[in-house]
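One file, start21.cif, is given below (mmCIF, N, CA and C atoms).
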data_query
#
loop_
_atom_site.group_PDB
_atom_site.id
_atom_site.type_symbol
_atom_site.label_atom_id
_atom_site.label_comp_id
_atom_site.auth_asym_id
_atom_site.auth_seq_id
_atom_site.Cartn_x
_atom_site.Cartn_y
_atom_site.Cartn_z
ATOM 1 N N MET P 728 2.227 11.509 -20.829
ATOM 2 C CA MET P 728 1.513 12.758 -20.805
ATOM 3 C C MET P 728 0.432 12.750 -19.738
ATOM 4 N N ALA P 729 -0.099 11.572 -19.459
ATOM 5 C CA ALA P 729 -1.172 11.447 -18.478
ATOM 6 C C ALA P 729 -0.757 11.946 -17.111
ATOM 7 N N PHE P 730 0.507 11.693 -16.708
ATOM 8 C CA PHE P 730 0.920 12.085 -15.366
ATOM 9 C C PHE P 730 0.919 13.587 -15.190
ATOM 10 N N LEU P 731 1.213 14.359 -16.233
ATOM 11 C CA LEU P 731 1.172 15.810 -16.122
ATOM 12 C C LEU P 731 -0.255 16.327 -16.197
ATOM 13 N N CYS P 732 -0.999 15.787 -17.132
ATOM 14 C CA CYS P 732 -2.388 16.221 -17.290
ATOM 15 C C CYS P 732 -3.205 15.932 -16.050
ATOM 16 N N MET P 733 -2.931 14.802 -15.431
ATOM 17 C CA MET P 733 -3.693 14.393 -14.268
ATOM 18 C C MET P 733 -3.661 15.474 -13.193
ATOM 19 N N THR P 734 -2.537 16.083 -13.020
ATOM 20 C CA THR P 734 -2.386 17.048 -11.955
ATOM 21 C C THR P 734 -2.843 18.440 -12.354
ATOM 22 N N PHE P 735 -2.687 18.789 -13.608
ATOM 23 C CA PHE P 735 -2.844 20.176 -13.990
ATOM 24 C C PHE P 735 -4.071 20.494 -14.833
ATOM 25 N N THR P 736 -4.980 19.576 -14.994
ATOM 26 C CA THR P 736 -6.222 19.861 -15.703
ATOM 27 C C THR P 736 -7.364 19.808 -14.723
ATOM 28 N N ASN P 737 -8.525 19.986 -15.231
ATOM 29 C CA ASN P 737 -9.713 19.902 -14.398
ATOM 30 C C ASN P 737 -9.745 18.520 -13.761
ATOM 31 N N VAL P 738 -9.566 18.482 -12.475
ATOM 32 C CA VAL P 738 -9.383 17.217 -11.767
ATOM 33 C C VAL P 738 -10.597 16.316 -11.884
ATOM 34 N N SER P 739 -11.776 16.851 -11.796
ATOM 35 C CA SER P 739 -12.939 15.964 -11.832
ATOM 36 C C SER P 739 -13.109 15.320 -13.202
ATOM 37 N N ALA P 740 -12.954 16.083 -14.273
ATOM 38 C CA ALA P 740 -13.079 15.500 -15.614
ATOM 39 C C ALA P 740 -11.959 14.508 -15.867
ATOM 40 N N GLN P 741 -10.768 14.866 -15.485
ATOM 41 C CA GLN P 741 -9.629 13.977 -15.692
ATOM 42 C C GLN P 741 -9.768 12.722 -14.823
ATOM 43 N N ALA P 742 -10.231 12.895 -13.612
ATOM 44 C CA ALA P 742 -10.384 11.750 -12.715
ATOM 45 C C ALA P 742 -11.377 10.736 -13.289
ATOM 46 N N LYS P 743 -12.410 11.222 -13.954
ATOM 47 C CA LYS P 743 -13.359 10.306 -14.583
ATOM 48 C C LYS P 743 -12.658 9.445 -15.624
ATOM 49 N N LYS P 744 -11.774 10.051 -16.414
ATOM 50 C CA LYS P 744 -11.017 9.294 -17.409
ATOM 51 C C LYS P 744 -10.032 8.357 -16.732
ATOM 52 N N LEU P 745 -9.356 8.851 -15.707
ATOM 53 C CA LEU P 745 -8.339 8.064 -15.021
ATOM 54 C C LEU P 745 -8.930 6.871 -14.281
ATOM 55 N N LYS P 746 -10.156 6.998 -13.843
ATOM 56 C CA LYS P 746 -10.805 5.883 -13.143
ATOM 57 C C LYS P 746 -10.940 4.660 -14.042
ATOM 58 N N ASP P 747 -10.907 4.894 -15.352
ATOM 59 C CA ASP P 747 -11.034 3.791 -16.300
ATOM 60 C C ASP P 747 -9.738 3.000 -16.461
ATOM 61 N N TYR P 748 -8.641 3.512 -15.937
ATOM 62 C CA TYR P 748 -7.338 2.854 -16.063
ATOM 63 C C TYR P 748 -6.853 2.374 -14.702
ATOM 64 N N THR P 749 -6.135 1.275 -14.708
ATOM 65 C CA THR P 749 -5.517 0.792 -13.472
ATOM 66 C C THR P 749 -4.242 1.600 -13.219
ATOM 67 N N PRO P 750 -3.746 1.592 -11.993
ATOM 68 C CA PRO P 750 -2.477 2.270 -11.733
ATOM 69 C C PRO P 750 -1.355 1.731 -12.631
ATOM 70 N N GLU P 751 -1.378 0.442 -12.877
ATOM 71 C CA GLU P 751 -0.352 -0.175 -13.727
ATOM 72 C C GLU P 751 -0.430 0.360 -15.161
ATOM 73 N N GLN P 752 -1.647 0.531 -15.661
ATOM 74 C CA GLN P 752 -1.820 1.061 -17.014
ATOM 75 C C GLN P 752 -1.364 2.516 -17.087
ATOM 76 N N ARG P 753 -1.713 3.298 -16.063
ATOM 77 C CA ARG P 753 -1.287 4.702 -16.044
ATOM 78 C C ARG P 753 0.231 4.800 -15.956
ATOM 79 N N ALA P 754 0.843 3.990 -15.117
ATOM 80 C CA ALA P 754 2.302 4.007 -14.973
ATOM 81 C C ALA P 754 2.977 3.628 -16.286
ATOM 82 N N LYS P 755 2.425 2.638 -16.965
ATOM 83 C CA LYS P 755 2.996 2.207 -18.247
ATOM 84 C C LYS P 755 2.907 3.327 -19.273
ATOM 85 N N MET P 756 1.765 3.998 -19.354
ATOM 86 C CA MET P 756 1.602 5.111 -20.300
ATOM 87 C C MET P 756 2.597 6.230 -19.989
ATOM 88 N N GLN P 757 2.746 6.543 -18.713
ATOM 89 C CA GLN P 757 3.676 7.599 -18.308
ATOM 90 C C GLN P 757 5.108 7.229 -18.678
ATOM 91 N N THR P 758 5.479 5.995 -18.417
ATOM 92 C CA THR P 758 6.844 5.544 -18.713
ATOM 93 C C THR P 758 7.106 5.584 -20.209
ATOM 94 N N GLU P 759 6.154 5.132 -20.991
ATOM 95 C CA GLU P 759 6.318 5.171 -22.447
ATOM 96 C C GLU P 759 6.471 6.600 -22.947
ATOM 97 N N TRP P 760 5.657 7.492 -22.421
ATOM 98 C CA TRP P 760 5.721 8.897 -22.807
ATOM 99 C C TRP P 760 7.082 9.488 -22.432
ATOM 100 N N MET P 761 7.519 9.230 -21.218
ATOM 101 C CA MET P 761 8.791 9.786 -20.757
ATOM 102 C C MET P 761 9.971 9.194 -21.522
ATOM 103 N N THR P 762 9.892 7.910 -21.837
ATOM 104 C CA THR P 762 10.960 7.262 -22.597
ATOM 105 C C THR P 762 11.140 7.955 -23.935
ATOM 106 N N THR P 763 10.039 8.260 -24.588
ATOM 107 C CA THR P 763 10.080 8.914 -25.897
ATOM 108 C C THR P 763 10.523 10.368 -25.792
ATOM 109 N N LYS P 764 9.886 11.121 -24.929
ATOM 110 C CA LYS P 764 10.142 12.561 -24.840
ATOM 111 C C LYS P 764 11.495 12.899 -24.216
ATOM 112 N N LEU P 765 11.967 12.074 -23.295
ATOM 113 C CA LEU P 765 13.186 12.397 -22.555
ATOM 114 C C LEU P 765 14.376 11.516 -22.937
ATOM 115 N N ALA P 766 14.193 10.627 -23.889
ATOM 116 C CA ALA P 766 15.270 9.731 -24.352
ATOM 117 C C ALA P 766 15.950 9.020 -23.180
ATOM 118 N N LEU P 767 15.142 8.293 -22.413
ATOM 119 C CA LEU P 767 15.662 7.586 -21.249
ATOM 120 C C LEU P 767 16.527 6.404 -21.677
ATOM 121 N N ASN P 768 17.581 6.145 -20.888
ATOM 122 C CA ASN P 768 18.387 4.945 -21.132
ATOM 123 C C ASN P 768 17.741 3.768 -20.387
ATOM 124 N N THR P 769 18.300 2.583 -20.573
ATOM 125 C CA THR P 769 17.704 1.364 -20.003
ATOM 126 C C THR P 769 17.582 1.440 -18.484
ATOM 127 N N SER P 770 18.617 1.905 -17.835
ATOM 128 C CA SER P 770 18.591 2.024 -16.372
ATOM 129 C C SER P 770 17.525 3.019 -15.926
ATOM 130 N N GLN P 771 17.444 4.150 -16.611
ATOM 131 C CA GLN P 771 16.454 5.165 -16.261
ATOM 132 C C GLN P 771 15.032 4.644 -16.490
ATOM 133 N N ILE P 772 14.852 3.883 -17.558
ATOM 134 C CA ILE P 772 13.514 3.339 -17.838
ATOM 135 C C ILE P 772 13.051 2.480 -16.669
ATOM 136 N N GLN P 773 13.928 1.641 -16.151
ATOM 137 C CA GLN P 773 13.572 0.775 -15.022
ATOM 138 C C GLN P 773 13.235 1.603 -13.781
ATOM 139 N N GLN P 774 14.057 2.608 -13.506
ATOM 140 C CA GLN P 774 13.833 3.438 -12.321
ATOM 141 C C GLN P 774 12.562 4.280 -12.462
ATOM 142 N N VAL P 775 12.372 4.871 -13.640
ATOM 143 C CA VAL P 775 11.201 5.701 -13.885
ATOM 144 C C VAL P 775 9.932 4.848 -13.863
ATOM 145 N N SER P 776 10.009 3.662 -14.422
ATOM 146 C CA SER P 776 8.860 2.758 -14.416
ATOM 147 C C SER P 776 8.442 2.440 -12.977
ATOM 148 N N ALA P 777 9.400 2.124 -12.132
ATOM 149 C CA ALA P 777 9.099 1.829 -10.722
ATOM 150 C C ALA P 777 8.526 3.055 -10.020
ATOM 151 N N LEU P 778 9.092 4.213 -10.293
ATOM 152 C CA LEU P 778 8.609 5.449 -9.674
ATOM 153 C C LEU P 778 7.192 5.766 -10.148
ATOM 154 N N ASN P 779 6.957 5.637 -11.450
ATOM 155 C CA ASN P 779 5.616 5.904 -11.981
ATOM 156 C C ASN P 779 4.582 4.968 -11.363
ATOM 157 N N LEU P 780 4.935 3.712 -11.208
ATOM 158 C CA LEU P 780 4.011 2.761 -10.585
ATOM 159 C C LEU P 780 3.759 3.126 -9.126
ATOM 160 N N GLN P 781 4.814 3.466 -8.415
ATOM 161 C CA GLN P 781 4.672 3.853 -7.011
ATOM 162 C C GLN P 781 3.696 5.022 -6.865
ATOM 163 N N TYR P 782 3.856 6.048 -7.704
ATOM 164 C CA TYR P 782 2.991 7.217 -7.579
ATOM 165 C C TYR P 782 1.608 6.987 -8.184
ATOM 166 N N ALA P 783 1.493 6.144 -9.173
ATOM 167 C CA ALA P 783 0.167 5.792 -9.695
ATOM 168 C C ALA P 783 -0.637 5.092 -8.605
ATOM 169 N N GLN P 784 0.039 4.246 -7.831
ATOM 170 C CA GLN P 784 -0.632 3.560 -6.722
ATOM 171 C C GLN P 784 -0.987 4.529 -5.594
ATOM 172 N N LYS P 785 -0.133 5.509 -5.345
ATOM 173 C CA LYS P 785 -0.443 6.526 -4.334
ATOM 174 C C LYS P 785 -1.606 7.411 -4.792
ATOM 175 N N ASN P 786 -1.676 7.675 -6.095
ATOM 176 C CA ASN P 786 -2.737 8.527 -6.639
ATOM 177 C C ASN P 786 -4.096 7.821 -6.681
ATOM 178 N N GLU P 787 -4.059 6.508 -6.776
ATOM 179 C CA GLU P 787 -5.292 5.733 -6.971
ATOM 180 C C GLU P 787 -6.391 6.044 -5.951
ATOM 181 N N PRO P 788 -6.109 6.023 -4.647
ATOM 182 C CA PRO P 788 -7.193 6.312 -3.695
ATOM 183 C C PRO P 788 -7.750 7.728 -3.853
ATOM 184 N N ILE P 789 -6.910 8.658 -4.261
ATOM 185 C CA ILE P 789 -7.367 10.036 -4.466
ATOM 186 C C ILE P 789 -8.275 10.097 -5.682
ATOM 187 N N ILE P 790 -7.837 9.484 -6.762
ATOM 188 C CA ILE P 790 -8.617 9.485 -8.001
ATOM 189 C C ILE P 790 -9.969 8.808 -7.791
ATOM 190 N N GLN P 791 -9.987 7.725 -7.042
ATOM 191 C CA GLN P 791 -11.220 6.963 -6.835
ATOM 192 C C GLN P 791 -12.126 7.563 -5.753
ATOM 193 N N SER P 792 -11.607 8.519 -4.989
ATOM 194 C CA SER P 792 -12.384 9.073 -3.878
ATOM 195 C C SER P 792 -13.514 9.963 -4.373
ATOM 196 N N ASN P 793 -14.417 10.256 -3.471
ATOM 197 C CA ASN P 793 -15.531 11.152 -3.757
ATOM 198 C C ASN P 793 -15.276 12.551 -3.219
ATOM 199 N N GLU P 794 -14.009 12.854 -2.958
ATOM 200 C CA GLU P 794 -13.660 14.179 -2.446
ATOM 201 C C GLU P 794 -13.931 15.237 -3.509
ATOM 202 N N GLY P 795 -13.957 16.466 -3.068
ATOM 203 C CA GLY P 795 -14.166 17.582 -3.976
ATOM 204 C C GLY P 795 -12.960 17.814 -4.874
ATOM 205 N N LYS P 796 -13.192 18.559 -5.950
ATOM 206 C CA LYS P 796 -12.146 18.847 -6.925
ATOM 207 C C LYS P 796 -10.931 19.507 -6.284
ATOM 208 N N ARG P 797 -11.174 20.482 -5.445
ATOM 209 C CA ARG P 797 -10.080 21.240 -4.831
ATOM 210 C C ARG P 797 -9.215 20.337 -3.948
ATOM 211 N N SER P 798 -9.847 19.512 -3.167
ATOM 212 C CA SER P 798 -9.121 18.602 -2.284
ATOM 213 C C SER P 798 -8.283 17.613 -3.093
ATOM 214 N N LYS P 799 -8.902 17.041 -4.128
ATOM 215 C CA LYS P 799 -8.165 16.115 -4.989
ATOM 216 C C LYS P 799 -6.982 16.817 -5.640
ATOM 217 N N PHE P 800 -7.218 18.003 -6.161
ATOM 218 C CA PHE P 800 -6.169 18.757 -6.832
ATOM 219 C C PHE P 800 -4.987 18.999 -5.902
ATOM 220 N N LYS P 801 -5.261 19.432 -4.685
ATOM 221 C CA LYS P 801 -4.184 19.703 -3.718
ATOM 222 C C LYS P 801 -3.375 18.446 -3.407
ATOM 223 N N LYS P 802 -4.069 17.350 -3.202
ATOM 224 C CA LYS P 802 -3.372 16.102 -2.887
ATOM 225 C C LYS P 802 -2.546 15.597 -4.065
ATOM 226 N N LEU P 803 -3.135 15.649 -5.264
ATOM 227 C CA LEU P 803 -2.412 15.192 -6.448
ATOM 228 C C LEU P 803 -1.223 16.101 -6.754
ATOM 229 N N LYS P 804 -1.400 17.386 -6.532
ATOM 230 C CA LYS P 804 -0.307 18.344 -6.764
ATOM 231 C C LYS P 804 0.852 18.081 -5.799
ATOM 232 N N ALA P 805 0.534 17.788 -4.555
ATOM 233 C CA ALA P 805 1.583 17.494 -3.565
ATOM 234 C C ALA P 805 2.339 16.224 -3.956
ATOM 235 N N LEU P 806 1.612 15.208 -4.396
ATOM 236 C CA LEU P 806 2.275 13.978 -4.828
ATOM 237 C C LEU P 806 3.116 14.215 -6.079
ATOM 238 N N GLN P 807 2.634 15.061 -6.988
ATOM 239 C CA GLN P 807 3.392 15.368 -8.198
ATOM 240 C C GLN P 807 4.697 16.087 -7.849
ATOM 241 N N LYS P 808 4.646 16.929 -6.845
ATOM 242 C CA LYS P 808 5.867 17.629 -6.410
ATOM 243 C C LYS P 808 6.879 16.626 -5.857
ATOM 244 N N GLU P 809 6.410 15.698 -5.033
ATOM 245 C CA GLU P 809 7.292 14.646 -4.503
ATOM 246 C C GLU P 809 7.910 13.841 -5.645
ATOM 247 N N LYS P 810 7.073 13.487 -6.598
ATOM 248 C CA LYS P 810 7.539 12.680 -7.724
ATOM 249 C C LYS P 810 8.568 13.454 -8.553
ATOM 250 N N SER P 811 8.324 14.728 -8.768
ATOM 251 C CA SER P 811 9.279 15.552 -9.513
ATOM 252 C C SER P 811 10.631 15.592 -8.815
ATOM 253 N N ASN P 812 10.610 15.694 -7.498
ATOM 254 C CA ASN P 812 11.861 15.688 -6.739
ATOM 255 C C ASN P 812 12.595 14.361 -6.912
ATOM 256 N N ALA P 813 11.856 13.265 -6.898
ATOM 257 C CA ALA P 813 12.471 11.956 -7.095
ATOM 258 C C ALA P 813 13.014 11.822 -8.516
ATOM 259 N N LEU P 814 12.292 12.360 -9.482
ATOM 260 C CA LEU P 814 12.755 12.307 -10.874
ATOM 261 C C LEU P 814 14.063 13.069 -11.065
ATOM 262 N N SER P 815 14.238 14.128 -10.298
ATOM 263 C CA SER P 815 15.468 14.912 -10.423
ATOM 264 C C SER P 815 16.697 14.086 -10.047
ATOM 265 N N GLN P 816 16.492 13.022 -9.281
ATOM 266 C CA GLN P 816 17.591 12.135 -8.897
ATOM 267 C C GLN P 816 17.851 11.049 -9.946
ATOM 268 N N ILE P 817 16.886 10.824 -10.827
ATOM 269 C CA ILE P 817 16.998 9.781 -11.850
ATOM 270 C C ILE P 817 17.454 10.368 -13.184
ATOM 271 N N LEU P 818 16.874 11.485 -13.551
ATOM 272 C CA LEU P 818 17.174 12.103 -14.843
ATOM 273 C C LEU P 818 18.457 12.914 -14.769
ATOM 274 N N ASP P 819 19.120 13.055 -15.913
ATOM 275 C CA ASP P 819 20.275 13.954 -15.935
ATOM 276 C C ASP P 819 19.750 15.387 -16.038
ATOM 277 N N ALA P 820 20.640 16.356 -15.926
ATOM 278 C CA ALA P 820 20.229 17.762 -15.870
ATOM 279 C C ALA P 820 19.437 18.184 -17.109
ATOM 280 N N ALA P 821 19.895 17.771 -18.282
ATOM 281 C CA ALA P 821 19.208 18.152 -19.523
ATOM 282 C C ALA P 821 17.817 17.516 -19.604
ATOM 283 N N GLN P 822 17.714 16.260 -19.215
ATOM 284 C CA GLN P 822 16.422 15.579 -19.244
ATOM 285 C C GLN P 822 15.453 16.223 -18.257
ATOM 286 N N TYR P 823 15.950 16.527 -17.062
ATOM 287 C CA TYR P 823 15.073 17.117 -16.048
ATOM 288 C C TYR P 823 14.618 18.505 -16.493
ATOM 289 N N LYS P 824 15.521 19.254 -17.100
ATOM 290 C CA LYS P 824 15.151 20.579 -17.609
ATOM 291 C C LYS P 824 14.056 20.447 -18.664
ATOM 292 N N LYS P 825 14.210 19.495 -19.570
ATOM 293 C CA LYS P 825 13.196 19.274 -20.604
ATOM 294 C C LYS P 825 11.877 18.849 -19.975
ATOM 295 N N TYR P 826 11.935 17.963 -18.985
ATOM 296 C CA TYR P 826 10.737 17.538 -18.264
ATOM 297 C C TYR P 826 10.021 18.754 -17.666
ATOM 298 N N GLN P 827 10.780 19.637 -17.013
ATOM 299 C CA GLN P 827 10.191 20.828 -16.404
ATOM 300 C C GLN P 827 9.600 21.761 -17.460
ATOM 301 N N GLU P 828 10.307 21.910 -18.582
ATOM 302 C CA GLU P 828 9.819 22.774 -19.659
ATOM 303 C C GLU P 828 8.500 22.248 -20.227
ATOM 304 N N ILE P 829 8.432 20.953 -20.451
ATOM 305 C CA ILE P 829 7.198 20.357 -20.983
ATOM 306 C C ILE P 829 6.060 20.528 -19.973
ATOM 307 N N LYS P 830 6.366 20.287 -18.717
ATOM 308 C CA LYS P 830 5.356 20.440 -17.669
ATOM 309 C C LYS P 830 4.867 21.888 -17.607
ATOM 310 N N ASP P 831 5.807 22.848 -17.635
ATOM 311 C CA ASP P 831 5.437 24.263 -17.595
ATOM 312 C C ASP P 831 4.632 24.662 -18.827
ATOM 313 N N GLN P 832 5.012 24.144 -19.979
ATOM 314 C CA GLN P 832 4.301 24.438 -21.212
ATOM 315 C C GLN P 832 2.862 23.928 -21.131
ATOM 316 N N MET P 833 2.695 22.748 -20.572
ATOM 317 C CA MET P 833 1.349 22.197 -20.432
ATOM 318 C C MET P 833 0.511 23.041 -19.480
ATOM 319 N N ILE P 834 1.125 23.532 -18.421
ATOM 320 C CA ILE P 834 0.413 24.397 -17.478
ATOM 321 C C ILE P 834 -0.036 25.673 -18.176
ATOM 322 N N GLN P 835 0.857 26.267 -18.975
ATOM 323 C CA GLN P 835 0.522 27.495 -19.707
ATOM 324 C C GLN P 835 -0.625 27.264 -20.682
ATOM 325 N N THR P 836 -0.605 26.104 -21.342
ATOM 326 C CA THR P 836 -1.651 25.770 -22.305
ATOM 327 C C THR P 836 -3.012 25.675 -21.621
ATOM 328 N N LEU P 837 -2.984 25.130 -20.411
ATOM 329 C CA LEU P 837 -4.240 24.958 -19.683
ATOM 330 C C LEU P 837 -4.658 26.244 -19.020
#

As structure tokens, the full file:
Amino acid sequence: MAFLCMTFTNVSAQAKKLKDYTPEQRAKMQTEWMTTKLALNTSQIQQVSALNLQYAQKNEPIIQSNEGKRSKFKKLKALQKEKSNALSQILDAAQYKKYQEIKDQMIQTL
């Protein structure tokens, strides 16, 4: 859940929370969440775990930076779009649709 919230909530408040976690911890939380919500198989878990770690590491300098909220939001949103595109290659159609629905639902809630 952290990977969606990170991009779509108030970036400065969320970044303060995210600064307390390492990229590895954030990637692990994301993978666990996705495994449960999307019923990932063993192969997908490995691929998603690697992808989550890759993007958690890419997000780290942005999260730790002193940039403004808007700048951070734009950068994190762009990375989230890249990650979503990569996920579409890992997940099957039903899983990706569910992922998009959950993401859209979270956006509506916020």

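One finds atom C of Met761 in chain P at 20.5 Å from atom C of Asn786 in chain P.
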
Proximity of range 769-799 of chain P to range 812-818 of chain P: per-residue shortest pair, 8 Å limit, all atoms listed in the file, as a Markdown table:
| residue | atom | partner | partner_atom | distance |
| --- | --- | --- | --- | --- |
| P:Ser770 | C | P:Ile817 | C | 7.8 |
| P:Gln771 | CA | P:Ile817 | C | 6.1 |
| P:Gln774 | C | P:Ile817 | CA | 7.1 |
| P:Val775 | N | P:Ile817 | CA | 7.0 |
| P:Leu778 | CA | P:Ala813 | C | 7.8 |

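Counting only C-alpha atoms, the residue from P:Asn768, P:Gln835, P:Ser776, P:Ser811 that sits nearest to Glu751 in chain P is P:Ser776.
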
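Between CA of Lys802 in chain P and atom N of Glu759 in chain P the interatomic distance comes to 23.2 Å.
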
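Interatomic distance, CA of Gln773 in chain P to CA of Arg753 in chain P: 15.4 Å.
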
Starting from the PyMOL selection byres (((chain P and resi 756 and name CA) around 12) and name CA), expand the selection into actual residues of this file and give them as a ChimeraX atom specification. /P:728-731,745,748-755,757-763,775-776,779-780,783

Would you list the residues near (-1.1, 13.1, -6.4) (no more than 8 Å away, in the coordinates of the file, using only C-alpha atoms) as an mmCIF file with N, CA and C atoms, in the frame of the given file?
data_model
loop_
_atom_site.group_PDB
_atom_site.id
_atom_site.type_symbol
_atom_site.label_atom_id
_atom_site.label_comp_id
_atom_site.auth_asym_id
_atom_site.auth_seq_id
_atom_site.Cartn_x
_atom_site.Cartn_y
_atom_site.Cartn_z
ATOM 1 N N THR P 734 -2.537 16.083 -13.020
ATOM 2 C CA THR P 734 -2.386 17.048 -11.955
ATOM 3 C C THR P 734 -2.843 18.440 -12.354
ATOM 4 N N TYR P 782 3.856 6.048 -7.704
ATOM 5 C CA TYR P 782 2.991 7.217 -7.579
ATOM 6 C C TYR P 782 1.608 6.987 -8.184
ATOM 7 N N LYS P 785 -0.133 5.509 -5.345
ATOM 8 C CA LYS P 785 -0.443 6.526 -4.334
ATOM 9 C C LYS P 785 -1.606 7.411 -4.792
ATOM 10 N N ASN P 786 -1.676 7.675 -6.095
ATOM 11 C CA ASN P 786 -2.737 8.527 -6.639
ATOM 12 C C ASN P 786 -4.096 7.821 -6.681
ATOM 13 N N ILE P 789 -6.910 8.658 -4.261
ATOM 14 C CA ILE P 789 -7.367 10.036 -4.466
ATOM 15 C C ILE P 789 -8.275 10.097 -5.682
ATOM 16 N N LYS P 799 -8.902 17.041 -4.128
ATOM 17 C CA LYS P 799 -8.165 16.115 -4.989
ATOM 18 C C LYS P 799 -6.982 16.817 -5.640
ATOM 19 N N PHE P 800 -7.218 18.003 -6.161
ATOM 20 C CA PHE P 800 -6.169 18.757 -6.832
ATOM 21 C C PHE P 800 -4.987 18.999 -5.902
ATOM 22 N N LYS P 801 -5.261 19.432 -4.685
ATOM 23 C CA LYS P 801 -4.184 19.703 -3.718
ATOM 24 C C LYS P 801 -3.375 18.446 -3.407
ATOM 25 N N LYS P 802 -4.069 17.350 -3.202
ATOM 26 C CA LYS P 802 -3.372 16.102 -2.887
ATOM 27 C C LYS P 802 -2.546 15.597 -4.065
ATOM 28 N N LEU P 803 -3.135 15.649 -5.264
ATOM 29 C CA LEU P 803 -2.412 15.192 -6.448
ATOM 30 C C LEU P 803 -1.223 16.101 -6.754
ATOM 31 N N LYS P 804 -1.400 17.386 -6.532
ATOM 32 C CA LYS P 804 -0.307 18.344 -6.764
ATOM 33 C C LYS P 804 0.852 18.081 -5.799
ATOM 34 N N ALA P 805 0.534 17.788 -4.555
ATOM 35 C CA ALA P 805 1.583 17.494 -3.565
ATOM 36 C C ALA P 805 2.339 16.224 -3.956
ATOM 37 N N LEU P 806 1.612 15.208 -4.396
ATOM 38 C CA LEU P 806 2.275 13.978 -4.828
ATOM 39 C C LEU P 806 3.116 14.215 -6.079
ATOM 40 N N GLN P 807 2.634 15.061 -6.988
ATOM 41 C CA GLN P 807 3.392 15.368 -8.198
ATOM 42 C C GLN P 807 4.697 16.087 -7.849
#

Identify all residues of chain P in helix (DSSP H, G or I) (DSSP on the backbone) and supply them as a count of residues only. 93
